[in-house]
Every structure is written in C-alpha cells, then in structure tokens.
$ cat run_10.cif   # mmCIF, C-alpha atoms
data_final
#
loop_
_atom_site.label_atom_id
_atom_site.label_comp_id
_atom_site.auth_asym_id
_atom_site.auth_seq_id
_atom_site.Cartn_x
_atom_site.Cartn_y
_atom_site.Cartn_z
CA MET A 52 56.58 34.31 -98.40
CA HIS A 53 54.31 33.66 -95.47
CA GLU A 54 53.45 30.25 -96.92
CA LEU A 55 57.11 29.24 -96.95
CA ALA A 56 57.52 30.21 -93.32
CA THR A 57 54.55 28.08 -92.25
CA LEU A 58 55.77 24.94 -93.99
CA ALA A 59 57.52 22.71 -91.53
CA ALA A 60 60.69 20.94 -92.52
CA PRO A 61 60.46 17.19 -92.11
CA ALA A 62 62.09 15.87 -88.96
CA ILE A 63 65.21 13.83 -89.48
CA ASP A 64 65.62 10.84 -87.22
CA THR A 65 69.22 10.10 -86.38
CA PRO A 66 69.80 6.51 -85.31
CA ALA A 67 71.52 5.99 -82.00
CA ILE A 68 75.01 4.62 -82.37
CA ASP A 69 75.78 1.98 -79.77
CA THR A 70 79.32 1.21 -80.85
CA PRO A 71 82.09 3.79 -80.77
CA PHE A 72 83.67 4.76 -84.07
CA VAL A 73 87.12 3.25 -84.46
CA GLU A 74 89.25 4.51 -87.30
CA THR A 75 91.71 1.92 -88.57
CA LEU A 76 95.00 2.92 -90.09
CA PRO A 77 95.69 1.85 -93.66
CA THR A 78 97.79 -1.24 -94.25
CA MET A 79 101.44 -0.50 -94.88
CA THR A 80 102.73 -2.54 -97.83
CA TYR A 81 106.35 -3.39 -98.48
CA ASP A 82 107.07 -5.01 -101.85
CA VAL A 83 110.36 -6.79 -102.50
CA VAL A 84 111.04 -6.13 -106.19
CA ARG A 85 113.76 -6.50 -108.79
CA HIS A 86 114.49 -2.96 -110.00
CA ARG A 87 117.25 -1.99 -112.44
CA GLY A 88 119.22 -5.15 -111.77
CA HIS A 89 119.01 -5.03 -107.97
CA TRP A 90 116.66 -6.32 -105.30
CA LYS A 91 114.98 -3.43 -103.49
CA VAL A 92 112.07 -2.77 -101.14
CA LEU A 93 109.29 -0.64 -102.61
CA HIS A 94 107.19 1.34 -100.15
CA ILE A 95 104.86 4.28 -100.95
CA GLY A 96 106.28 4.55 -104.45
CA LYS A 97 109.92 4.79 -103.37
CA HIS A 98 112.64 2.18 -103.71
CA SER A 99 115.13 1.42 -100.98
CA ALA A 100 118.86 1.20 -101.49
CA PRO A 101 119.89 -1.93 -103.41
CA HIS A 102 120.37 -5.17 -101.51
CA PRO A 103 123.02 -7.76 -102.45
CA ASN A 104 120.39 -10.47 -103.06
CA GLN A 105 116.72 -11.32 -102.78
CA LYS A 106 117.02 -12.81 -99.28
CA ALA A 107 118.66 -9.65 -97.94
CA ALA A 108 115.83 -7.52 -99.38
CA ILE A 109 113.21 -9.82 -97.84
CA ASP A 110 114.98 -9.73 -94.46
CA SER A 111 115.10 -5.93 -94.58
CA ALA A 112 111.39 -5.64 -95.43
CA MET A 113 110.42 -8.14 -92.72
CA LYS A 114 112.48 -6.31 -90.09
CA ILE A 115 110.78 -3.00 -90.85
CA ALA A 116 107.36 -4.67 -91.01
CA MET A 117 107.77 -6.37 -87.63
CA GLN A 118 108.67 -3.03 -86.01
CA TYR A 119 105.51 -1.39 -87.35
CA GLN A 120 103.40 -4.43 -86.55
CA ALA A 121 104.61 -4.35 -82.94
CA SER A 122 103.30 -0.78 -82.70
CA GLY A 123 99.84 -1.90 -83.81
CA ARG A 124 99.93 -1.16 -87.55
CA ASN A 125 98.61 -3.50 -90.22
CA VAL A 126 101.58 -4.47 -92.39
CA THR A 127 101.96 -6.60 -95.52
CA VAL A 128 105.20 -7.82 -97.08
CA ARG A 129 105.05 -9.20 -100.62
CA LEU A 130 107.65 -10.75 -102.89
CA ASN A 131 107.19 -9.68 -106.50
CA ARG A 132 109.07 -12.27 -108.52
CA THR A 133 110.57 -11.57 -111.92
CA ASP A 134 108.18 -14.11 -113.49
CA GLY A 135 105.20 -11.97 -112.42
CA ARG A 136 104.03 -14.05 -109.45
CA ILE A 137 103.43 -12.30 -106.14
CA PHE A 138 103.78 -14.05 -102.80
CA ASP A 139 102.48 -12.74 -99.47
CA LEU A 140 105.30 -13.11 -96.94
CA THR A 141 103.46 -11.58 -93.98
CA ILE A 142 103.58 -13.66 -90.83
#

$ encode --input "run_10.cif" --output "structure tokens"
Amino acid sequence: MHELATLAAPAIDTPAIDTPFVETLPTMTYDVVRHRGHWKVLHIGKHSAPHPNQKAAIDSAMKIAMQYQASGRNVTVRLNRTDGRIFDLTI
C-alpha cells in the first residue's frame, strides 16, 4: 500500500486556449415536399398544412426561413421534387 502512495501520477499538461469557444446552433432545414397529393413544408419531421401549389409552399418556407435567418440562425430551404431531385433554394 505504501508503494502505491509513493508513486506519483503523471502530470497532465493542458494546452492554453487562445480563442473563446463559440457554440453554433444547428442549421434549420425546411423541405418543400409533395405529400399525400399536396405541397407541404417538412420541418423536424412534421408536415405543414397543405398549400394550394408548389410556389405557395416555397413562399411559405422562404418567409419562415428569412425570419429565422434575420435572428442569426443558419437556415436551409430545399425543394424536393417528385422526380427525386433536390434543389437548394436558400438565398
């Protein structure tokens, strides 16, 4: 037991951090999708109310995205077409 007490634990050098830690918020993604015959906006696994057409759904997603972007959030708006192609609509 005495031998364990006399053994010194190795010193751990901690590097000095010159830059402050900045935590970034995750990117908010809004997907315009065709769901059950209607154009909707998909965000965090939930669909919005149906929109009358694709343009109305895009306009709705862009409006919400611009509000969050103005408050400093990272936002992405994507159009998920019925043919499988995805377009980034973020400004």

$ atom_distance --input "run_10.cif" --atom1 "atom CA of A:Met117" --atom2 "atom CA of A:Thr78"
13.0 Å

$ resolve_selection --input "run_10.cif" --expression "the PyMOL selection byres ((chain A and resi 106-114) around 10)" --output "VMD selection string"
chain A and resid 80 to 85 89 to 94 99 to 105 115 to 120 126 to 130 140 to 142

$ closest_residue --input "run_10.cif" --among "A:Asp134, A:Asp139, A:Gly123, A:Gly88" --to "A:Thr75" --atoms "all atoms listed in the file"
A:Gly123

$ atom_distance --input "run_10.cif" --atom1 "atom CA of A:Arg132" --atom2 "atom CA of A:His86"
10.9 Å

$ closest_residue --input "run_10.cif" --among "A:Gly96, A:Ile137, A:Leu76, A:Arg87" --to "A:Asn125" --atoms "all atoms listed in the file"
A:Leu76

$ decode --input "run_10.cif" --residues "stretch 61-135 of chain A" --atoms "C-alpha atoms" --output "mmCIF file, in the first residue's frame"
data_model
loop_
_atom_site.group_PDB
_atom_site.id
_atom_site.type_symbol
_atom_site.label_atom_id
_atom_site.label_comp_id
_atom_site.auth_asym_id
_atom_site.auth_seq_id
_atom_site.Cartn_x
_atom_site.Cartn_y
_atom_site.Cartn_z
ATOM 1 C CA PRO A 61 1.952 11.771 -14.331
ATOM 2 C CA ALA A 62 1.305 15.469 -14.778
ATOM 3 C CA ILE A 63 -1.207 16.366 -17.441
ATOM 4 C CA ASP A 64 -0.411 19.426 -19.491
ATOM 5 C CA THR A 65 -3.481 21.324 -20.583
ATOM 6 C CA PRO A 66 -2.889 23.500 -23.626
ATOM 7 C CA ALA A 67 -3.816 27.139 -23.303
ATOM 8 C CA ILE A 68 -6.824 28.071 -25.373
ATOM 9 C CA ASP A 69 -6.404 31.439 -27.053
ATOM 10 C CA THR A 70 -9.744 31.546 -28.816
ATOM 11 C CA PRO A 71 -13.042 31.557 -26.965
ATOM 12 C CA PHE A 72 -15.367 28.622 -27.506
ATOM 13 C CA VAL A 73 -18.305 29.567 -29.700
ATOM 14 C CA GLU A 74 -21.155 27.115 -29.936
ATOM 15 C CA THR A 75 -23.019 27.305 -33.224
ATOM 16 C CA LEU A 76 -26.665 26.441 -33.472
ATOM 17 C CA PRO A 77 -27.655 23.626 -35.810
ATOM 18 C CA THR A 78 -28.927 24.507 -39.266
ATOM 19 C CA MET A 79 -32.702 24.622 -39.509
ATOM 20 C CA THR A 80 -33.887 22.819 -42.645
ATOM 21 C CA TYR A 81 -37.208 23.374 -44.360
ATOM 22 C CA ASP A 82 -38.042 20.917 -47.143
ATOM 23 C CA VAL A 83 -40.808 21.652 -49.639
ATOM 24 C CA VAL A 84 -42.265 18.230 -50.435
ATOM 25 C CA ARG A 85 -45.194 16.616 -52.194
ATOM 26 C CA HIS A 86 -47.033 14.652 -49.501
ATOM 27 C CA ARG A 87 -50.331 12.797 -49.981
ATOM 28 C CA GLY A 88 -51.249 14.831 -53.041
ATOM 29 C CA HIS A 89 -50.422 18.257 -51.579
ATOM 30 C CA TRP A 90 -47.390 20.513 -51.398
ATOM 31 C CA LYS A 91 -46.254 20.920 -47.793
ATOM 32 C CA VAL A 92 -43.264 22.166 -45.819
ATOM 33 C CA LEU A 93 -41.447 19.488 -43.817
ATOM 34 C CA HIS A 94 -39.549 20.656 -40.744
ATOM 35 C CA ILE A 95 -38.260 18.482 -37.861
ATOM 36 C CA GLY A 96 -40.289 15.527 -39.093
ATOM 37 C CA LYS A 97 -43.613 17.365 -39.208
ATOM 38 C CA HIS A 98 -45.560 18.494 -42.259
ATOM 39 C CA SER A 99 -47.249 21.858 -42.508
ATOM 40 C CA ALA A 100 -50.811 22.386 -43.605
ATOM 41 C CA PRO A 101 -51.296 21.778 -47.342
ATOM 42 C CA HIS A 102 -50.564 24.599 -49.764
ATOM 43 C CA PRO A 103 -52.552 25.147 -52.979
ATOM 44 C CA ASN A 104 -49.443 24.723 -55.165
ATOM 45 C CA GLN A 105 -45.681 24.307 -55.140
ATOM 46 C CA LYS A 106 -44.969 28.049 -55.362
ATOM 47 C CA ALA A 107 -47.131 28.772 -52.316
ATOM 48 C CA ALA A 108 -45.263 26.121 -50.309
ATOM 49 C CA ILE A 109 -41.900 27.561 -51.383
ATOM 50 C CA ASP A 110 -43.020 31.090 -50.481
ATOM 51 C CA SER A 111 -44.163 29.906 -47.055
ATOM 52 C CA ALA A 112 -40.862 28.110 -46.359
ATOM 53 C CA MET A 113 -38.812 31.095 -47.540
ATOM 54 C CA LYS A 114 -40.799 33.506 -45.354
ATOM 55 C CA ILE A 115 -40.192 31.407 -42.240
ATOM 56 C CA ALA A 116 -36.532 30.891 -43.170
ATOM 57 C CA MET A 117 -35.888 34.612 -43.644
ATOM 58 C CA GLN A 118 -37.349 35.356 -40.200
ATOM 59 C CA TYR A 119 -35.018 32.856 -38.532
ATOM 60 C CA GLN A 120 -32.072 33.949 -40.650
ATOM 61 C CA ALA A 121 -32.618 37.567 -39.562
ATOM 62 C CA SER A 122 -32.283 36.418 -35.947
ATOM 63 C CA GLY A 123 -28.890 34.849 -36.688
ATOM 64 C CA ARG A 124 -29.821 31.205 -37.303
ATOM 65 C CA ASN A 125 -28.415 29.092 -40.115
ATOM 66 C CA VAL A 126 -31.340 28.118 -42.333
ATOM 67 C CA THR A 127 -31.678 25.939 -45.438
ATOM 68 C CA VAL A 128 -34.699 25.672 -47.724
ATOM 69 C CA ARG A 129 -34.801 22.768 -50.179
ATOM 70 C CA LEU A 130 -37.247 21.774 -52.882
ATOM 71 C CA ASN A 131 -37.726 18.009 -53.051
ATOM 72 C CA ARG A 132 -39.174 17.372 -56.493
ATOM 73 C CA THR A 133 -41.364 14.404 -57.305
ATOM 74 C CA ASP A 134 -38.694 13.102 -59.716
ATOM 75 C CA GLY A 135 -36.248 12.722 -56.801
#
